[in-house]
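Data file: structure37.txt. Format and content: compact mmCIF, C-alpha atoms and all ligand atoms.
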# COMPACT_ATOMS: atom_id res chain seq x y z
CA MET A 1 14.85 -21.15 11.97
CA GLN A 2 18.25 -22.58 11.18
CA PRO A 3 20.80 -20.68 13.30
CA GLU A 4 23.10 -20.14 10.32
CA HIS A 5 20.33 -18.07 8.68
CA LEU A 6 19.66 -15.89 11.72
CA HIS A 7 21.93 -13.12 10.43
CA TYR A 8 19.60 -12.61 7.44
CA ALA A 9 16.61 -12.05 9.73
CA GLU A 10 18.60 -9.58 11.85
CA ARG A 11 19.47 -7.29 8.95
CA GLN A 12 17.43 -4.21 8.07
CA ALA A 13 15.97 -3.56 4.64
CA PRO A 14 13.32 -1.38 3.01
CA ARG A 15 9.93 -2.79 2.07
CA TYR A 16 10.38 -1.48 -1.47
CA THR A 17 6.93 -0.03 -2.00
CA SER A 18 8.80 2.42 -4.25
CA TYR A 19 12.23 2.74 -5.80
CA PRO A 20 14.05 4.75 -4.76
CA THR A 21 12.46 4.48 -1.34
CA ALA A 22 10.91 7.57 0.29
CA PRO A 23 13.92 8.39 2.55
CA HIS A 24 15.87 9.08 -0.65
CA PHE A 25 13.41 11.64 -2.00
CA ASN A 26 14.75 15.20 -2.34
CA THR A 27 13.43 18.74 -2.36
CA GLY A 28 14.29 19.20 -6.05
CA VAL A 29 10.72 18.10 -6.83
CA ASP A 30 8.28 20.87 -5.89
CA ALA A 31 4.76 22.08 -6.65
CA ASP A 32 5.77 23.59 -10.01
CA THR A 33 7.51 20.38 -11.08
CA VAL A 34 4.43 18.32 -10.29
CA ALA A 35 2.03 20.80 -11.92
CA ARG A 36 4.09 20.29 -15.08
CA TRP A 37 4.19 16.50 -14.67
CA LEU A 38 0.40 16.36 -14.28
CA ALA A 39 -0.13 18.56 -17.34
CA GLU A 40 2.20 16.33 -19.39
CA LEU A 41 0.15 13.20 -18.70
CA PRO A 42 -1.65 12.16 -21.89
CA ALA A 43 -5.43 12.71 -21.79
CA THR A 44 -5.87 8.96 -22.30
CA SER A 45 -3.97 8.08 -19.09
CA ARG A 46 -5.76 5.80 -16.68
CA LEU A 47 -5.57 7.24 -13.18
CA SER A 48 -5.45 5.78 -9.73
CA LEU A 49 -6.42 8.16 -6.91
CA TYR A 50 -5.14 7.78 -3.36
CA LEU A 51 -6.78 9.73 -0.52
CA HIS A 52 -4.88 9.86 2.74
CA VAL A 53 -7.07 10.67 5.76
CA PRO A 54 -4.56 11.66 8.43
CA TYR A 55 -6.74 11.33 11.55
CA CYS A 56 -7.73 8.60 13.98
CA GLN A 57 -9.99 8.58 17.03
CA SER A 58 -6.99 7.57 19.13
CA LEU A 59 -3.45 6.52 18.33
CA CYS A 60 -2.32 2.90 18.56
CA TRP A 61 1.16 2.62 19.99
CA TYR A 62 2.54 0.30 17.31
CA CYS A 63 1.40 2.41 14.37
CA GLY A 64 3.97 3.66 11.86
CA CYS A 65 1.50 5.63 9.73
CA ASN A 66 1.39 9.38 9.30
CA THR A 67 -1.64 10.05 11.48
CA TYR A 68 -2.90 12.33 14.25
CA ALA A 69 -5.52 11.91 16.97
CA ALA A 70 -8.60 14.05 16.26
CA ARG A 71 -10.26 14.76 19.59
CA ARG A 72 -12.40 17.57 18.17
CA ASP A 73 -14.41 17.90 14.93
CA GLU A 74 -12.49 20.89 13.52
CA PRO A 75 -9.42 19.10 12.13
CA VAL A 76 -11.58 16.66 10.19
CA LEU A 77 -13.82 19.49 8.90
CA ASP A 78 -10.70 21.38 7.77
CA TYR A 79 -9.39 18.22 6.12
CA VAL A 80 -12.57 17.81 4.06
CA ASP A 81 -12.50 21.47 2.94
CA THR A 82 -8.86 21.27 1.97
CA VAL A 83 -9.01 17.95 0.18
CA LEU A 84 -11.89 19.29 -1.95
CA LYS A 85 -9.66 22.22 -2.93
CA GLU A 86 -6.79 19.84 -3.62
CA ILE A 87 -8.99 17.73 -5.93
CA GLU A 88 -9.95 20.90 -7.83
CA LEU A 89 -6.33 21.96 -8.06
CA ALA A 90 -5.06 18.63 -9.38
CA ALA A 91 -7.98 18.28 -11.80
CA SER A 92 -7.24 21.77 -13.17
CA LYS A 93 -3.69 20.66 -14.10
CA LEU A 94 -4.73 17.33 -15.64
CA THR A 95 -6.29 16.60 -18.99
CA ALA A 96 -6.51 12.91 -18.02
CA ARG A 97 -9.90 12.12 -16.50
CA GLN A 98 -10.31 8.36 -16.54
CA VAL A 99 -10.10 6.84 -13.05
CA VAL A 100 -9.73 3.07 -12.74
CA GLU A 101 -8.77 2.84 -9.06
CA ILE A 102 -9.51 4.72 -5.85
CA HIS A 103 -7.90 3.87 -2.54
CA TRP A 104 -8.64 5.45 0.86
CA GLY A 105 -5.89 5.04 3.42
CA GLY A 106 -4.79 6.64 6.63
CA GLY A 107 -5.19 7.16 9.41
CA THR A 108 -8.76 6.05 9.69
CA PRO A 109 -10.89 6.89 6.63
CA ASN A 110 -14.01 5.91 8.58
CA ILE A 111 -13.41 8.85 10.90
CA LEU A 112 -15.24 10.77 8.14
CA SER A 113 -19.00 10.92 8.61
CA GLU A 114 -21.04 9.44 5.78
CA GLN A 115 -21.90 12.98 4.66
CA GLN A 116 -18.22 14.01 4.61
CA PHE A 117 -17.29 10.84 2.71
CA GLU A 118 -20.07 11.46 0.16
CA THR A 119 -19.07 15.11 -0.28
CA ILE A 120 -15.58 13.99 -1.31
CA THR A 121 -16.67 11.10 -3.53
CA GLN A 122 -19.25 13.30 -5.25
CA ARG A 123 -16.54 15.86 -5.97
CA LEU A 124 -14.32 13.14 -7.42
CA ALA A 125 -17.20 11.95 -9.60
CA ARG A 126 -17.80 15.52 -10.79
CA ARG A 127 -14.16 16.14 -11.75
CA PHE A 128 -13.22 12.68 -13.06
CA ASP A 129 -14.77 9.87 -15.10
CA ILE A 130 -14.78 6.98 -12.68
CA ALA A 131 -14.95 3.66 -14.51
CA ALA A 132 -18.00 1.56 -13.65
CA ASN A 133 -15.70 -1.34 -12.80
CA ALA A 134 -13.11 0.78 -10.93
CA GLN A 135 -11.36 -0.91 -8.02
CA HIS A 136 -12.46 1.16 -5.02
CA ALA A 137 -10.96 0.19 -1.68
CA ILE A 138 -11.08 1.69 1.79
CA GLU A 139 -9.08 0.97 4.95
CA LEU A 140 -11.34 0.77 7.99
CA ASP A 141 -11.01 0.60 11.75
CA PRO A 142 -13.46 -2.15 12.80
CA ARG A 143 -14.26 -0.29 16.03
CA PHE A 144 -16.01 2.54 14.16
CA ILE A 145 -18.03 0.92 11.38
CA THR A 146 -21.75 1.67 11.28
CA ARG A 147 -24.42 0.47 8.88
CA ASP A 148 -24.96 4.06 7.64
CA LYS A 149 -21.27 4.37 6.75
CA ALA A 150 -21.21 0.94 5.10
CA ASP A 151 -24.24 1.95 3.00
CA ALA A 152 -22.49 5.20 2.01
CA TYR A 153 -19.41 3.24 0.88
CA VAL A 154 -21.50 0.91 -1.26
CA ARG A 155 -23.44 3.83 -2.80
CA ALA A 156 -20.10 5.45 -3.74
CA GLY A 157 -18.92 2.26 -5.47
CA VAL A 158 -16.50 0.99 -2.80
CA ASN A 159 -15.96 -2.70 -3.50
CA ARG A 160 -13.20 -3.68 -1.05
CA ALA A 161 -12.79 -2.97 2.65
CA SER A 162 -9.55 -3.58 4.45
CA LEU A 163 -9.83 -4.07 8.21
CA GLY A 164 -7.01 -3.46 10.68
CA VAL A 165 -7.08 -6.49 12.98
CA GLN A 166 -3.41 -7.10 13.99
CA ASP A 167 -3.90 -9.66 16.81
CA LEU A 168 -7.01 -10.98 18.54
CA ASN A 169 -5.49 -11.83 21.94
CA ALA A 170 -6.36 -9.46 24.79
CA ARG A 171 -2.82 -9.47 26.25
CA VAL A 172 -1.26 -8.40 22.96
CA GLN A 173 -3.99 -5.85 22.23
CA GLN A 174 -3.33 -4.19 25.57
CA ALA A 175 0.41 -4.09 24.88
CA ILE A 176 -0.09 -2.29 21.55
CA GLY A 177 -2.66 0.22 22.80
CA ARG A 178 -5.51 -1.08 20.67
CA VAL A 179 -8.18 -3.08 22.45
CA GLN A 180 -10.52 -4.59 19.89
CA PRO A 181 -12.16 -7.87 20.94
CA LEU A 182 -13.12 -10.50 18.37
CA GLU A 183 -16.84 -9.63 18.66
CA ILE A 184 -16.14 -6.12 17.36
CA VAL A 185 -14.35 -7.44 14.29
CA GLU A 186 -17.09 -10.02 13.65
CA ALA A 187 -19.76 -7.32 13.93
CA ALA A 188 -17.84 -5.06 11.52
CA VAL A 189 -17.57 -7.84 8.94
CA ALA A 190 -21.27 -8.67 9.30
CA THR A 191 -22.24 -5.00 8.88
CA LEU A 192 -20.14 -4.59 5.74
CA ARG A 193 -21.48 -7.78 4.20
CA ALA A 194 -25.08 -6.90 5.05
CA ALA A 195 -24.56 -3.61 3.19
CA GLY A 196 -23.27 -5.53 0.16
CA LEU A 197 -19.54 -4.98 0.63
CA ASN A 198 -18.27 -8.51 0.23
CA GLN A 199 -14.60 -8.15 -0.69
CA ILE A 200 -12.93 -8.08 2.72
CA SER A 201 -9.21 -7.91 3.50
CA MET A 202 -7.69 -8.15 6.96
CA ASP A 203 -4.33 -6.89 8.17
CA LEU A 204 -2.64 -9.06 10.79
CA MET A 205 0.74 -8.63 12.48
CA TYR A 206 3.51 -10.74 13.91
CA GLY A 207 6.44 -9.57 16.00
CA LEU A 208 4.17 -7.70 18.46
CA PRO A 209 4.98 -7.28 22.16
CA HIS A 210 4.15 -10.36 24.27
CA GLN A 211 2.90 -12.13 21.14
CA THR A 212 3.68 -15.84 20.89
CA THR A 213 3.45 -18.17 17.93
CA ASP A 214 0.35 -19.70 19.54
CA ASP A 215 -1.25 -16.25 19.84
CA LEU A 216 -0.63 -15.66 16.16
CA SER A 217 -1.99 -19.07 15.12
CA ASN A 218 -5.07 -18.42 17.23
CA THR A 219 -5.56 -15.02 15.58
CA ILE A 220 -5.19 -16.57 12.14
CA ARG A 221 -7.78 -19.26 12.84
CA LEU A 222 -10.26 -16.71 14.21
CA ALA A 223 -9.62 -14.35 11.28
CA ALA A 224 -9.93 -17.13 8.69
CA ALA A 225 -13.24 -18.22 10.25
CA MET A 226 -14.60 -14.82 9.08
CA ALA A 227 -13.50 -15.83 5.53
CA PRO A 228 -11.76 -12.64 4.35
CA ASN A 229 -10.77 -12.83 0.69
CA ARG A 230 -7.30 -11.56 1.52
CA ILE A 231 -5.08 -11.50 4.58
CA ALA A 232 -1.97 -9.38 4.85
CA LEU A 233 0.54 -10.44 7.49
CA PHE A 234 3.00 -7.68 8.33
CA GLY A 235 5.97 -7.84 10.65
CA TYR A 236 5.73 -5.15 13.31
CA ALA A 237 8.39 -2.57 12.47
CA HIS A 238 9.82 -1.16 15.71
CA VAL A 239 11.26 2.20 14.67
CA PRO A 240 10.95 4.39 17.80
CA TRP A 241 13.59 6.80 16.46
CA PHE A 242 11.11 7.56 13.67
CA LYS A 243 7.74 7.05 15.44
CA LYS A 244 7.88 8.38 18.97
CA ARG A 245 4.58 6.73 20.00
CA GLN A 246 6.33 3.35 19.69
CA ARG A 247 8.37 4.25 22.78
CA LEU A 248 5.26 3.14 24.73
CA ILE A 249 6.02 -0.40 23.61
CA PRO A 250 8.48 -2.14 25.96
CA GLU A 251 11.38 -3.38 23.83
CA ALA A 252 11.98 -6.27 26.24
CA ALA A 253 8.54 -7.65 25.36
CA LEU A 254 9.31 -7.83 21.63
CA PRO A 255 10.18 -11.17 20.08
CA GLY A 256 13.73 -11.44 18.76
CA ALA A 257 14.73 -11.99 15.14
CA SER A 258 14.61 -15.78 15.39
CA GLU A 259 11.19 -15.78 17.09
CA ARG A 260 9.86 -13.32 14.50
CA PHE A 261 11.01 -15.58 11.73
CA ASP A 262 9.42 -18.62 13.38
CA GLN A 263 6.15 -16.69 13.85
CA ALA A 264 6.06 -15.65 10.20
CA GLU A 265 6.78 -19.21 9.08
CA ALA A 266 4.16 -20.74 11.38
CA ALA A 267 1.62 -18.18 10.16
CA ARG A 268 2.42 -18.93 6.53
CA ILE A 269 1.94 -22.66 7.08
CA GLU A 270 -1.31 -22.12 9.01
CA LEU A 271 -2.75 -19.77 6.38
CA GLN A 272 -1.92 -22.20 3.59
CA ARG A 273 -3.48 -25.06 5.60
CA LEU A 274 -6.63 -22.94 5.84
CA GLY A 275 -6.77 -22.61 2.06
CA TYR A 276 -5.01 -19.29 1.43
CA VAL A 277 -2.45 -18.86 -1.36
CA ALA A 278 0.79 -17.03 -0.51
CA ILE A 279 1.28 -13.83 -2.52
CA GLY A 280 4.65 -12.11 -2.52
CA LEU A 281 6.31 -11.38 0.80
CA ASP A 282 3.35 -10.89 3.11
CA HIS A 283 -0.05 -11.39 1.46
CA PHE A 284 -2.41 -14.35 1.31
CA ALA A 285 -5.55 -14.73 -0.78
CA LEU A 286 -8.29 -17.24 -1.41
CA PRO A 287 -7.49 -19.14 -4.64
CA GLU A 288 -10.29 -17.46 -6.62
CA ASP A 289 -9.23 -13.94 -5.58
CA GLU A 290 -7.80 -11.57 -8.21
CA PHE A 291 -4.48 -11.52 -6.31
CA ALA A 292 -4.00 -15.26 -6.69
CA LEU A 293 -4.81 -15.06 -10.40
CA ALA A 294 -2.46 -12.07 -10.84
CA ARG A 295 0.37 -13.93 -9.10
CA ASP A 296 0.00 -16.87 -11.49
CA GLN A 297 -0.11 -14.56 -14.51
CA GLY A 298 2.84 -12.34 -13.43
CA ARG A 299 0.58 -9.27 -13.05
CA LEU A 300 1.40 -8.43 -9.43
CA ARG A 301 2.96 -5.03 -8.89
CA ARG A 302 4.39 -3.12 -5.95
CA SER A 303 3.10 0.31 -4.91
CA PHE A 304 2.67 2.42 -1.80
CA GLN A 305 -0.39 0.28 -1.04
CA GLY A 306 1.85 -2.80 -0.96
CA TYR A 307 0.99 -5.50 -3.50
CA VAL A 308 -1.48 -4.40 -6.14
CA VAL A 309 -2.84 -5.57 -9.46
CA GLN A 310 -2.00 -2.34 -11.17
CA ASP A 311 -4.27 -1.10 -13.86
CA ALA A 312 -3.33 2.59 -13.90
CA ASP A 313 -0.71 4.72 -15.68
CA ALA A 314 -0.36 7.22 -12.85
CA LEU A 315 -1.28 7.47 -9.19
CA VAL A 316 -2.32 10.88 -7.87
CA GLY A 317 -2.22 11.30 -4.09
CA PHE A 318 -4.36 13.63 -1.99
CA GLY A 319 -4.02 14.54 1.68
CA PRO A 320 -1.05 15.14 3.99
CA SER A 321 1.97 12.92 3.25
CA ALA A 322 0.29 11.30 0.22
CA ILE A 323 2.74 10.26 -2.47
CA SER A 324 1.92 10.49 -6.17
CA THR A 325 3.58 8.08 -8.59
CA LEU A 326 3.71 9.64 -12.02
CA PRO A 327 5.58 8.40 -15.09
CA GLN A 328 8.14 11.18 -14.51
CA GLY A 329 8.73 10.41 -10.83
CA TYR A 330 7.46 10.46 -7.26
CA ALA A 331 6.06 13.47 -5.43
CA GLN A 332 5.15 13.68 -1.76
CA ASN A 333 2.76 16.11 -0.07
CA ALA A 334 3.68 17.98 3.10
CA PRO A 335 3.26 15.41 5.90
CA GLU A 336 1.83 17.77 8.50
CA PRO A 337 -1.86 18.77 7.97
CA GLY A 338 -1.21 22.46 8.77
CA ALA A 339 1.58 22.84 6.20
CA TRP A 340 -0.42 20.83 3.65
CA GLY A 341 -3.48 23.05 4.19
CA GLN A 342 -1.47 26.28 3.90
CA MET A 343 0.02 25.33 0.57
CA ILE A 344 -3.36 24.32 -0.86
CA ALA A 345 -4.91 27.56 0.49
CA GLN A 346 -2.25 29.47 -1.48
CA GLY A 347 -3.47 27.76 -4.63
CA GLN A 348 -0.48 25.50 -5.08
CA LEU A 349 -0.01 21.76 -4.91
CA ALA A 350 1.31 20.75 -1.47
CA ILE A 351 4.42 19.00 -2.77
CA VAL A 352 7.52 19.19 -0.56
CA ARG A 353 9.78 16.51 -2.00
CA GLY A 354 10.03 13.67 -4.46
CA HIS A 355 12.30 12.06 -6.97
CA LYS A 356 12.62 12.52 -10.71
CA LEU A 357 13.16 9.09 -12.26
CA ASP A 358 15.85 8.53 -14.86
CA ASP A 359 16.22 5.48 -17.10
CA ALA A 360 18.59 3.72 -14.70
CA ASP A 361 16.07 4.19 -11.86
CA ARG A 362 13.31 2.71 -14.00
CA ILE A 363 15.36 -0.37 -14.84
CA ARG A 364 16.33 -0.98 -11.21
CA ARG A 365 12.78 -0.23 -10.04
CA ARG A 366 11.34 -2.91 -12.31
CA LEU A 367 14.03 -5.40 -11.32
CA ILE A 368 13.40 -4.84 -7.60
CA GLU A 369 9.65 -5.06 -8.18
CA GLN A 370 10.11 -8.42 -9.93
CA ILE A 371 12.13 -9.74 -6.99
CA MET A 372 9.45 -8.57 -4.52
CA CYS A 373 6.50 -9.87 -6.59
CA ASP A 374 7.78 -12.86 -8.57
CA PHE A 375 10.91 -13.93 -6.61
CA SER A 376 12.92 -13.84 -9.83
CA ALA A 377 14.16 -11.07 -12.08
CA ASP A 378 15.72 -10.58 -15.46
CA LEU A 379 19.12 -8.86 -15.22
CA ALA A 380 19.35 -8.28 -19.00
CA PRO A 381 18.00 -4.68 -18.84
CA LEU A 382 20.88 -3.91 -16.43
CA GLY A 383 23.37 -5.35 -18.92
CA GLY A 384 23.12 -9.00 -17.80
CA ALA A 385 24.80 -10.99 -15.04
CA GLU A 386 28.31 -9.89 -16.03
CA ALA A 387 27.44 -6.22 -15.76
CA CYS A 388 25.88 -6.89 -12.33
CA ALA A 389 29.07 -8.39 -10.87
CA SER A 390 29.22 -6.00 -7.92
CA GLU A 391 25.52 -6.52 -7.03
CA LEU A 392 25.93 -10.29 -7.27
CA GLU A 393 29.07 -10.09 -5.13
CA THR A 394 26.93 -8.49 -2.39
CA LEU A 395 24.73 -11.57 -2.59
CA ALA A 396 27.64 -14.02 -2.30
CA PRO A 397 26.45 -15.38 1.11
CA MET A 398 22.98 -15.99 -0.31
CA PHE A 399 24.47 -17.81 -3.29
CA ALA A 400 26.64 -19.88 -0.94
CA ASP A 401 23.57 -20.78 1.18
CA GLY A 402 21.60 -21.85 -1.88
CA MET A 403 19.13 -19.02 -1.42
CA VAL A 404 19.63 -17.46 -4.83
CA GLN A 405 20.93 -18.82 -8.11
CA LEU A 406 21.53 -17.60 -11.63
CA GLU A 407 20.06 -19.10 -14.76
CA GLY A 408 21.67 -17.16 -17.57
CA ASP A 409 20.73 -13.55 -16.89
CA ARG A 410 17.89 -14.44 -14.55
CA ILE A 411 18.26 -14.38 -10.79
CA LEU A 412 16.01 -16.84 -8.96
CA LEU A 413 15.17 -16.95 -5.25
CA SER A 414 14.68 -20.37 -3.68
CA GLU A 415 11.70 -21.10 -1.44
CA LYS A 416 13.77 -20.54 1.71
CA ALA A 417 15.02 -17.16 0.42
CA ARG A 418 11.52 -15.72 -0.01
CA PRO A 419 11.20 -14.30 3.51
CA PHE A 420 14.48 -12.46 2.84
CA CYS A 421 13.55 -11.12 -0.62
CA ARG A 422 13.99 -7.54 0.68
CA LEU A 423 17.68 -8.30 1.18
CA THR A 424 18.02 -9.67 -2.36
CA ALA A 425 16.26 -6.59 -3.70
CA MET A 426 18.54 -4.30 -1.68
CA ALA A 427 21.58 -5.62 -3.57
CA PHE A 428 20.21 -3.85 -6.66
CA ASP A 429 19.33 -0.61 -4.85
CA ALA A 430 21.79 2.01 -6.08
CA TYR A 431 20.77 4.37 -3.24
CA ALA A 432 20.99 1.90 -0.34
CA ALA A 433 24.72 2.43 0.12
CA SER A 434 24.22 6.14 0.85
CA GLY A 435 23.09 5.17 4.37
CA ALA A 436 20.55 8.01 4.55
CA ALA A 437 17.86 5.74 5.91
CA ARG A 438 17.27 3.34 8.77
CA HIS A 439 14.84 0.56 8.03
CA SER A 440 12.95 -2.12 9.85
CA ARG A 441 14.17 -5.72 10.12
CA ALA A 442 14.22 -7.78 6.93
CA VAL A 443 11.81 -10.27 8.57
S1 LIG A 501 -3.15 1.62 13.45
FE1 LIG A 501 -4.79 2.60 12.30
S2 LIG A 501 -6.19 3.36 13.92
FE2 LIG A 501 -4.27 2.92 14.94
S3 LIG A 501 -3.13 4.89 14.91
FE3 LIG A 501 -2.51 3.74 13.10
S4 LIG A 501 -3.82 4.42 11.46
FE4 LIG A 501 -4.79 5.04 13.40

Mind converting the file's structure to structure tokens?
Amino acid sequence: MQPEHLHYAERQAPRYTSYPTAPHFNTGVDADTVARWLAELPATSRLSLYLHVPYCQSLCWYCGCNTYAARRDEPVLDYVDTVLKEIELAASKLTARQVVEIHWGGGTPNILSEQQFETITQRLARRFDIAANAQHAIELDPRFITRDKADAYVRAGVNRASLGVQDLNARVQQAIGRVQPLEIVEAAVATLRAAGLNQISMDLMYGLPHQTTDDLSNTIRLAAAMAPNRIALFGYAHVPWFKKRQRLIPEAALPGASERFDQAEAARIELQRLGYVAIGLDHFALPEDEFALARDQGRLRRSFQGYVVQDADALVGFGPSAISTLPQGYAQNAPEPGAWGQMIAQGQLAIVRGHKLDDADRIRRRLIEQIMCDFSADLAPLGGAEACASELETLAPMFADGMVQLEGDRILLSEKARPFCRLTAMAFDAYAASGAARHSRAV
């Protein structure tokens, strides 16, 4: 990386999977608010459902997700009981029934037995009309995939599996507390494909402890040899003040900002050499994949799942910490399974905070989304370039470095600015200045 650009990589910025970002949510949004918001949704609304499974067999040290280790069966049994009640509760508030997307995240959704998974999907099918061509995706831990589970996913209509891979070098795997040799990932992919689940995504990471650029290139070649349709390449976010388990990762073993940048760049070049198309900040897809088509047609969107080809009018979240995105605003469930379960047991939605969107939020949200997805944005809805003088002033160094430019009321990011698009987006974040949040590095 050019030394004069190092200061961009050292800055911190949100990932903008929502606007405002979750640290700026407030307790003014509660269960009653969201019951009203759900009831107000038109019956014709197309729904996306997100199910957060908050348990894993064991906890990986690098993980920033809201998840708990389940060493006994009871927590998972309780989860299934409670999520069924939560589905009933939400469905009773909604007149909308049409579901066009389902996404299982976590945690480890494949901690559920096939029977538990089917109990939940059958309840969803009973309470909602799930479109025959619905996008149905599940995040899976390759270490715990069986043929019976893969068959259950296919029977339920799952058509995309996302595998957590991170890095395939033993030294790095040991340093992040997740040992998962290549053979395990290859076997998981083969099992899913044999069951008929052919849309495979893989999550990889750079910026991990002891990881070198060569390690990352090796991981990318091994991953690409399994021909996933999509690869997501995330920078490890070291936030030990927020995720205590990350204290197990020795800070001295982490690559610095310049090395992280070089890793991300080398990975991007290698993935493109292997035939993948770059999508947004951190995704890559085979040219015939829906993501690549959506990028070319300007249909990429940003959501809590990262980049998506959004087809829904509202996203309803289930499970601890799940966030719903409704036309009126965001609403987050209690993060801790006990508190979530208690609220549901009392017959109320488990909402503890959120954000009611106003028109100014919606304009800035769309602008930030355009920067994150398309690397350009129209400033006209904010009143045009003149009205955005203070935001553009914040970006003066990026203008001076040729990273961004204006064409009329449109702001454009150059190729070299793309890794820093979070910083460009942050200039238009009206909440960022409040300093309520600490974020991960911009690269
Ligand atoms: S990385 Fe995945 S398996 Fe590991 S703790 Fe996080 S959610 Fe669980």

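With distances taken over only C-alpha atoms and all ligand atoms, A:Thr108 is the one residue among A:Asn26, A:Ser18, A:Gln116, A:Thr108 lying closest to ligand LIG 501 (chain A).
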
Kindly compile the residues surrounding ligand LIG 501 (chain A) within 10 Å, counting only C-alpha atoms and all ligand atoms, and format them as a PDB file with C-alpha atoms, in the frame of the given file.
ATOM      1  CA  VAL A  53      -7.070  10.670   5.760  1.00  0.00           C
ATOM      2  CA  PRO A  54      -4.560  11.660   8.430  1.00  0.00           C
ATOM      3  CA  TYR A  55      -6.740  11.330  11.550  1.00  0.00           C
ATOM      4  CA  CYS A  56      -7.730   8.600  13.980  1.00  0.00           C
ATOM      5  CA  GLN A  57      -9.990   8.580  17.030  1.00  0.00           C
ATOM      6  CA  SER A  58      -6.990   7.570  19.130  1.00  0.00           C
ATOM      7  CA  LEU A  59      -3.450   6.520  18.330  1.00  0.00           C
ATOM      8  CA  CYS A  60      -2.320   2.900  18.560  1.00  0.00           C
ATOM      9  CA  TRP A  61       1.160   2.620  19.990  1.00  0.00           C
ATOM     10  CA  TYR A  62       2.540   0.300  17.310  1.00  0.00           C
ATOM     11  CA  CYS A  63       1.400   2.410  14.370  1.00  0.00           C
ATOM     12  CA  GLY A  64       3.970   3.660  11.860  1.00  0.00           C
ATOM     13  CA  CYS A  65       1.500   5.630   9.730  1.00  0.00           C
ATOM     14  CA  ASN A  66       1.390   9.380   9.300  1.00  0.00           C
ATOM     15  CA  THR A  67      -1.640  10.050  11.480  1.00  0.00           C
ATOM     16  CA  TYR A  68      -2.900  12.330  14.250  1.00  0.00           C
ATOM     17  CA  ALA A  69      -5.520  11.910  16.970  1.00  0.00           C
ATOM     18  CA  GLY A 105      -5.890   5.040   3.420  1.00  0.00           C
ATOM     19  CA  GLY A 106      -4.790   6.640   6.630  1.00  0.00           C
ATOM     20  CA  GLY A 107      -5.190   7.160   9.410  1.00  0.00           C
ATOM     21  CA  THR A 108      -8.760   6.050   9.690  1.00  0.00           C
ATOM     22  CA  PRO A 109     -10.890   6.890   6.630  1.00  0.00           C
ATOM     23  CA  ASN A 110     -14.010   5.910   8.580  1.00  0.00           C
ATOM     24  CA  ILE A 111     -13.410   8.850  10.900  1.00  0.00           C
ATOM     25  CA  GLU A 139      -9.080   0.970   4.950  1.00  0.00           C
ATOM     26  CA  LEU A 140     -11.340   0.770   7.990  1.00  0.00           C
ATOM     27  CA  ASP A 141     -11.010   0.600  11.750  1.00  0.00           C
ATOM     28  CA  PRO A 142     -13.460  -2.150  12.800  1.00  0.00           C
ATOM     29  CA  ARG A 143     -14.260  -0.290  16.030  1.00  0.00           C
ATOM     30  CA  PHE A 144     -16.010   2.540  14.160  1.00  0.00           C
ATOM     31  CA  LEU A 163      -9.830  -4.070   8.210  1.00  0.00           C
ATOM     32  CA  GLY A 164      -7.010  -3.460  10.680  1.00  0.00           C
ATOM     33  CA  VAL A 165      -7.080  -6.490  12.980  1.00  0.00           C
ATOM     34  CA  GLN A 166      -3.410  -7.100  13.990  1.00  0.00           C
ATOM     35  CA  ILE A 176      -0.090  -2.290  21.550  1.00  0.00           C
ATOM     36  CA  GLY A 177      -2.660   0.220  22.800  1.00  0.00           C
ATOM     37  CA  ARG A 178      -5.510  -1.080  20.670  1.00  0.00           C
ATOM     38  CA  ARG A 245       4.580   6.730  20.000  1.00  0.00           C
TER      39      ARG A 245
END

Legend entry - Contacts of Arg410 (chain A) within 9 Å, only C-alpha atoms, excl. fewer than 4 positions in-chain, as a PyMOL selection string: chain A and resi 376-380+384-385+405-406

Inset, instruction - Neighbourhood query: residues within 10 Å of (4.6, 19.4, -10.5), file coordinates, counting all atoms listed in the file; return as a PyMOL selection string. - result: chain A and resi 29-40+90+93+326+328-331+348-351+354

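Omitting Glu391 (chain A) and its sequence neighbours fewer than 3 positions away, and counting only C-alpha atoms, the residues within 8 Å are Cys388, Thr394, Leu395, Ala427 and Phe428 of chain A.
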
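Put simply, CA of Asp282 (chain A) is 18.3 Å away from CA of Gln297 (chain A).
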
Inset, instruction - Find, counting all atoms listed in the file, the residue in A:Arg127, A:Leu216, A:Ala253, A:His52 that gets nearest to Ala334 (chain A). - result: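 Selected residue with least distance to Ala334 (chain A): A:His52.
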
Inset, instruction - Write out as a PyMOL selection string the residues lying within 10 Å of Ala345 (chain A), counting only C-alpha atoms and excluding same-chain residues fewer than 5 positions away. - result: chain A and resi 82+85-86+339-340+350

Inset, instruction - Using CA of Ala264 (chain A) and CA of Leu281 (chain A) as the two end points, give the distance in Å to one decimal. - result: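 One can read the CA of Ala264 (chain A) to CA of Leu281 (chain A) distance as 10.3 Å.
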
Legend entry - Å distance separating CA of Ile138 (chain A) from CA of Trp104 (chain A), one decimal place: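 These two atoms are separated by 4.6 Å.
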
Inset, instruction - Using all atoms listed in the file, pick whichever of A:Gly306, A:Pro240, A:Gly317, A:Pro337 has the shortest atom-to-atom distance to Val76 (chain A). - result: A:Pro337

Might you pull out every residue within 7 Å of Leu182 (chain A), with all atoms listed in the file counted and same-chain residues fewer than 3 positions away left off, and present them as a PDB file with C-alpha atoms, in the frame of the given file?
ATOM      1  CA  LEU A 168      -7.010 -10.980  18.540  1.00  0.00           C
ATOM      2  CA  VAL A 185     -14.350  -7.440  14.290  1.00  0.00           C
ATOM      3  CA  GLU A 186     -17.090 -10.020  13.650  1.00  0.00           C
TER       4      GLU A 186
END
